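Trainee: Right, I'll just put the structure down here and ask away after.
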Amino acid sequence: MKNTYKLIVMILIGAASPLSFANVQQLEQQEIQILQKFKQQNFYEVNSDIENAVVDIISNDKNSFNYNFPALVKQGYVHVQYSPDKKLKFYSFDVSGGGTMGEWDSYV
């Protein structure tokens with residue numbers, strides 16, 4: 001599963017709508033669960049598991065398009081960017097084994 005570069009295009013059905021309070025709470029809770037599950041583990045041993053957990057959220061919850069996963073970004077688990085027109089969202093995950101060479105998986 002660790003490819004040098006992987007791009008998966010996820011098609012969002014309909015226009016992205018603003019997040020409701022309930023949506024934000026649900027996404028925050030999922031984000032906290034990921035942080036708690038992996039916080040005591042070596043990042044380079046679990047980075048692909050972190051990637052899979054986040055990808056599961058973004059592929060199953062269209063509301064995640066409007067959520068930036070701030071705690072995961074702060075911890076360096078994911079890097080999030082939008083296209084200039086805000087129609088595409090890019091997720092990049094460090095899946096390297098540490099050291100001087102980096103390896104990233106990216107999703108759009």
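Ordered as shown in the structure tokens, chains take letters A, B, and onward, while each chain numbers its residues from 1 and ligands are numbered from 1 in the order shown.
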Would you mind listing what lies within 10 Å of range 36-53 of chain A as a list in words, with only C-alpha atoms counted and same-chain residues fewer than 4 positions away left out?
Mentor: Met1, Lys2, Gln30, Glu31, Ile32, Ile57, Ile58, Leu72, Gln75, Gly76, Tyr77, Val78, Tyr91, Ser92, Phe93, Asp94, Val95, Ser96, Gly97, Gly98, Gly99, Asp105 and Ser106 of chain A
Trainee: DSSP on the backbone: what in range 55-104 of chain A comes out alpha helix (DSSP H), as a PyMOL selection string?
Mentor: chain A and resi 55-60+70-74
Trainee: One decimal, in Å: what's the spacing between CA of Ile34 in chain A and CA of Pro84 in chain A?
Mentor: 28.8 Å
Trainee: For the atom pair CA of Tyr82 in chain A and CA of Leu27 in chain A, what is the interatomic distance in Å to one decimal place?
Mentor: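 That distance, rounded to one decimal, is 18.4 Å.
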Trainee: Could you please determine the separation between CA of Met101 in chain A and CA of His79 in chain A in Å, to one decimal place?
Mentor: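 Taking CA of Met101 in chain A as the start and CA of His79 in chain A as the end point, the length is 17.5 Å.
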Trainee: From chain A, collect each residue whose DSSP state is strand (DSSP E) and return the set as a VMD selection string.
Mentor: chain A and resid 7 to 8 79 to 82 89 to 94 104 to 107
Trainee: Give me a file of those residues, with N, CA and C atoms, as a PDB file, in the first residue's frame.
Mentor:
ATOM      1  N   LEU A   7      -2.578   8.757  -6.017  1.00  0.00           N
ATOM      2  CA  LEU A   7      -3.613   9.781  -6.148  1.00  0.00           C
ATOM      3  C   LEU A   7      -4.948   9.099  -6.358  1.00  0.00           C
ATOM      4  N   ILE A   8      -5.858   9.358  -5.465  1.00  0.00           N
ATOM      5  CA  ILE A   8      -7.201   8.818  -5.602  1.00  0.00           C
ATOM      6  C   ILE A   8      -8.148  10.000  -5.695  1.00  0.00           C
ATOM      7  N   HIS A  79      -1.433  16.708   5.914  1.00  0.00           N
ATOM      8  CA  HIS A  79      -1.303  18.079   5.401  1.00  0.00           C
ATOM      9  C   HIS A  79      -2.507  18.304   4.489  1.00  0.00           C
ATOM     10  N   VAL A  80      -3.257  19.379   4.736  1.00  0.00           N
ATOM     11  CA  VAL A  80      -4.494  19.647   4.001  1.00  0.00           C
ATOM     12  C   VAL A  80      -4.374  20.957   3.237  1.00  0.00           C
ATOM     13  N   GLN A  81      -4.757  20.913   1.960  1.00  0.00           N
ATOM     14  CA  GLN A  81      -4.789  22.123   1.127  1.00  0.00           C
ATOM     15  C   GLN A  81      -6.009  22.064   0.221  1.00  0.00           C
ATOM     16  N   TYR A  82      -6.453  23.251  -0.214  1.00  0.00           N
ATOM     17  CA  TYR A  82      -7.544  23.356  -1.182  1.00  0.00           C
ATOM     18  C   TYR A  82      -7.022  23.964  -2.465  1.00  0.00           C
ATOM     19  N   LYS A  89      -9.944  19.358  -2.666  1.00  0.00           N
ATOM     20  CA  LYS A  89      -9.223  19.337  -1.398  1.00  0.00           C
ATOM     21  C   LYS A  89      -8.147  18.270  -1.504  1.00  0.00           C
ATOM     22  N   PHE A  90      -6.952  18.584  -1.054  1.00  0.00           N
ATOM     23  CA  PHE A  90      -5.805  17.695  -1.152  1.00  0.00           C
ATOM     24  C   PHE A  90      -5.361  17.270   0.249  1.00  0.00           C
ATOM     25  N   TYR A  91      -5.194  15.976   0.431  1.00  0.00           N
ATOM     26  CA  TYR A  91      -4.695  15.406   1.678  1.00  0.00           C
ATOM     27  C   TYR A  91      -3.380  14.726   1.366  1.00  0.00           C
ATOM     28  N   SER A  92      -2.335  15.038   2.128  1.00  0.00           N
ATOM     29  CA  SER A  92      -1.040  14.375   1.952  1.00  0.00           C
ATOM     30  C   SER A  92      -0.612  13.761   3.277  1.00  0.00           C
ATOM     31  N   PHE A  93      -0.126  12.524   3.205  1.00  0.00           N
ATOM     32  CA  PHE A  93       0.282  11.774   4.384  1.00  0.00           C
ATOM     33  C   PHE A  93       1.737  11.358   4.251  1.00  0.00           C
ATOM     34  N   ASP A  94       2.521  11.578   5.300  1.00  0.00           N
ATOM     35  CA  ASP A  94       3.900  11.113   5.349  1.00  0.00           C
ATOM     36  C   ASP A  94       3.864   9.622   5.667  1.00  0.00           C
ATOM     37  N   TRP A 104       5.314  10.120   0.380  1.00  0.00           N
ATOM     38  CA  TRP A 104       4.000  10.694   0.647  1.00  0.00           C
ATOM     39  C   TRP A 104       2.923  10.004  -0.169  1.00  0.00           C
ATOM     40  N   ASP A 105       1.781   9.826   0.448  1.00  0.00           N
ATOM     41  CA  ASP A 105       0.575   9.407  -0.265  1.00  0.00           C
ATOM     42  C   ASP A 105      -0.332  10.611  -0.288  1.00  0.00           C
ATOM     43  N   SER A 106      -0.958  10.846  -1.447  1.00  0.00           N
ATOM     44  CA  SER A 106      -1.836  12.002  -1.595  1.00  0.00           C
ATOM     45  C   SER A 106      -3.189  11.593  -2.126  1.00  0.00           C
ATOM     46  N   TYR A 107      -4.207  12.293  -1.663  1.00  0.00           N
ATOM     47  CA  TYR A 107      -5.578  12.051  -2.080  1.00  0.00           C
ATOM     48  C   TYR A 107      -6.208  13.369  -2.469  1.00  0.00           C
TER      49      TYR A 107
END
Trainee: May I have the residues within 12 Å of Glu28 in chain A as an MDAnalysis selection string, using only C-alpha atoms and disregarding those fewer than 2 positions away in the same chain?
Mentor: chainID A and resid 19 21:26 30:35 54 57 63:64 67:72
Trainee: Restricting the output to C-alpha atoms, write the selected residues as an mmCIF file, in the first residue's frame.
Mentor:
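out-v5.cif was written with the following content:
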data_model
loop_
_atom_site.group_PDB
_atom_site.id
_atom_site.type_symbol
_atom_site.label_atom_id
_atom_site.label_comp_id
_atom_site.auth_asym_id
_atom_site.auth_seq_id
_atom_site.Cartn_x
_atom_site.Cartn_y
_atom_site.Cartn_z
ATOM 1 C CA LEU A 19 -20.942 22.004 8.406
ATOM 2 C CA PHE A 21 -22.698 21.791 14.708
ATOM 3 C CA ALA A 22 -23.522 18.071 14.842
ATOM 4 C CA ASN A 23 -21.276 17.363 11.843
ATOM 5 C CA VAL A 24 -18.395 19.261 13.420
ATOM 6 C CA GLN A 25 -18.801 17.402 16.704
ATOM 7 C CA GLN A 26 -18.851 14.034 14.973
ATOM 8 C CA GLN A 30 -13.352 10.870 15.073
ATOM 9 C CA GLU A 31 -10.228 13.032 14.943
ATOM 10 C CA ILE A 32 -9.739 12.698 18.719
ATOM 11 C CA GLN A 33 -10.123 8.918 18.475
ATOM 12 C CA ILE A 34 -7.339 8.770 15.884
ATOM 13 C CA LEU A 35 -5.073 10.932 18.038
ATOM 14 C CA VAL A 54 -8.380 9.419 7.942
ATOM 15 C CA ILE A 57 -13.480 9.218 7.340
ATOM 16 C CA ASN A 63 -19.139 16.681 5.331
ATOM 17 C CA SER A 64 -15.428 16.113 5.893
ATOM 18 C CA TYR A 67 -13.526 20.099 7.956
ATOM 19 C CA ASN A 68 -9.773 20.712 8.068
ATOM 20 C CA PHE A 69 -8.750 18.177 10.751
ATOM 21 C CA PRO A 70 -6.844 20.838 12.740
ATOM 22 C CA ALA A 71 -5.563 18.535 15.486
ATOM 23 C CA LEU A 72 -4.239 15.978 12.999
#
Trainee: Restricting the calculation to only C-alpha atoms, which member of A:Asn66, A:Gly102, A:Lys74, A:Ser83 is positioned closest to Ser20 in chain A?
Mentor: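 Selected residue with least distance to Ser20 in chain A: A:Asn66.
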